[in-house]
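*Asks:* Below you'll find the structure I mean.
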Amino acid sequence: SSMGWIKARYWNLKRILGWRYARLLMWWNDPNTASEDEFLLAIEHLESAKRSGVVPKNDDLRCIVRYASFHMRTQDDSSSEGNHMLRSNGDDEFAVSRSQVVELVLEAVFEANRTTLGMQPSFIDSAASGLRALQAKRECIQFVQEALSRGARVNKRALLEARNASEDVGDDAAMQEMSAAIADATTPRPS
């Protein structure tokens, strides 16, 4: 079907046409909910790739961590343990819990580490920010520590997310490690 063709090529169409026209091709007419629809499409692509035994597309993985990073921050604190409503492509609505989104982000991180995407500072930033926004503070700390141990270039923003998460959970050792990494990242290197 034409919709199947569009879904399979969504990320390329988005790059060529821009977000506005790509979302309209997908019949995501409401710009206020289109990012949730895009997130659901990324989950659909991730599940399809897993079933097929192939590495998911980087765009799908980026979308998942970006959604967690930016959109989960907008949830009020009273719903932090509750559900976050997501629309499906029809009129039905269903809930995705914060813990389910944490699992999706961790799955995206795992898949990204199978490719060079897992070493990209912008992806590391988004994943660290998303995990902390989801109140997955220990996972945020562990993720940034693992990125550092792999030799990835971790930007100051991700280091700050991990340091703040360490402070929130009272992990003094991790807080010192992140503070040292921040100091190292901000020290000018000789030319």
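So you can find residues: chains in the structure tokens are A, B, ... in the order shown, residues in each start at 1, and ligands are numbered from 1 in order.
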May I have the residues within 9 Å of segment 186-188 of chain A as a list in words, using only C-alpha atoms and disregarding those fewer than 4 positions away in the same chain?

*Replies:*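 Counting only C-alpha atoms, the residues come to Lys156, Ala181 and Ile182 of chain A.
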
*Asks:* What does the file look like for those residues with C-alpha atoms, as a PDB file, in the first residue's frame?

*Replies:*
ATOM      1  CA  LYS A 156      29.613  18.529  29.130  1.00  0.00           C
ATOM      2  CA  ALA A 181      35.319  14.294  33.763  1.00  0.00           C
ATOM      3  CA  ILE A 182      33.652  17.727  33.547  1.00  0.00           C
TER       4      ILE A 182
END

*Asks:* If we count only C-alpha atoms, what is near segment 105-111 of chain A at a cut-off of 12 Å, once residues fewer than 4 positions away on the same chain are taken out, given as a PyMOL selection string?

*Replies:* chain A and resi 39+42-43+45-47+49-50+53-69+72+98-101+115-120+123-134+136+139-140+142-144+146-147

*Asks:* Let me make sure I understand: among A:Leu41, A:Ile141, A:Ala34, A:Ala174, which one has the smallest atom-to-atom distance to Ile6 of chain A if we use only C-alpha atoms?

*Replies:* A:Leu41

*Asks:* Can you check which residues of chain A DSSP gives as alpha helix (DSSP H) on the backbone and send them as a PyMOL selection string?

*Replies:* chain A and resi 2-8+10-17+19-25+34-52+58-71+98-112+121-133+137-149+156-169+172-186

*Asks:* Would you kindly return, as a list in words, each protein, DNA or RNA residue with an atom no farther than 6 Å from any atom of Met178 of chain A, considering only C-alpha atoms and excluding same-chain residues fewer than 3 positions away?

*Replies:*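 Close residues of Met178 of chain A: Leu159, Arg163, Met175 and Ala181 of chain A.
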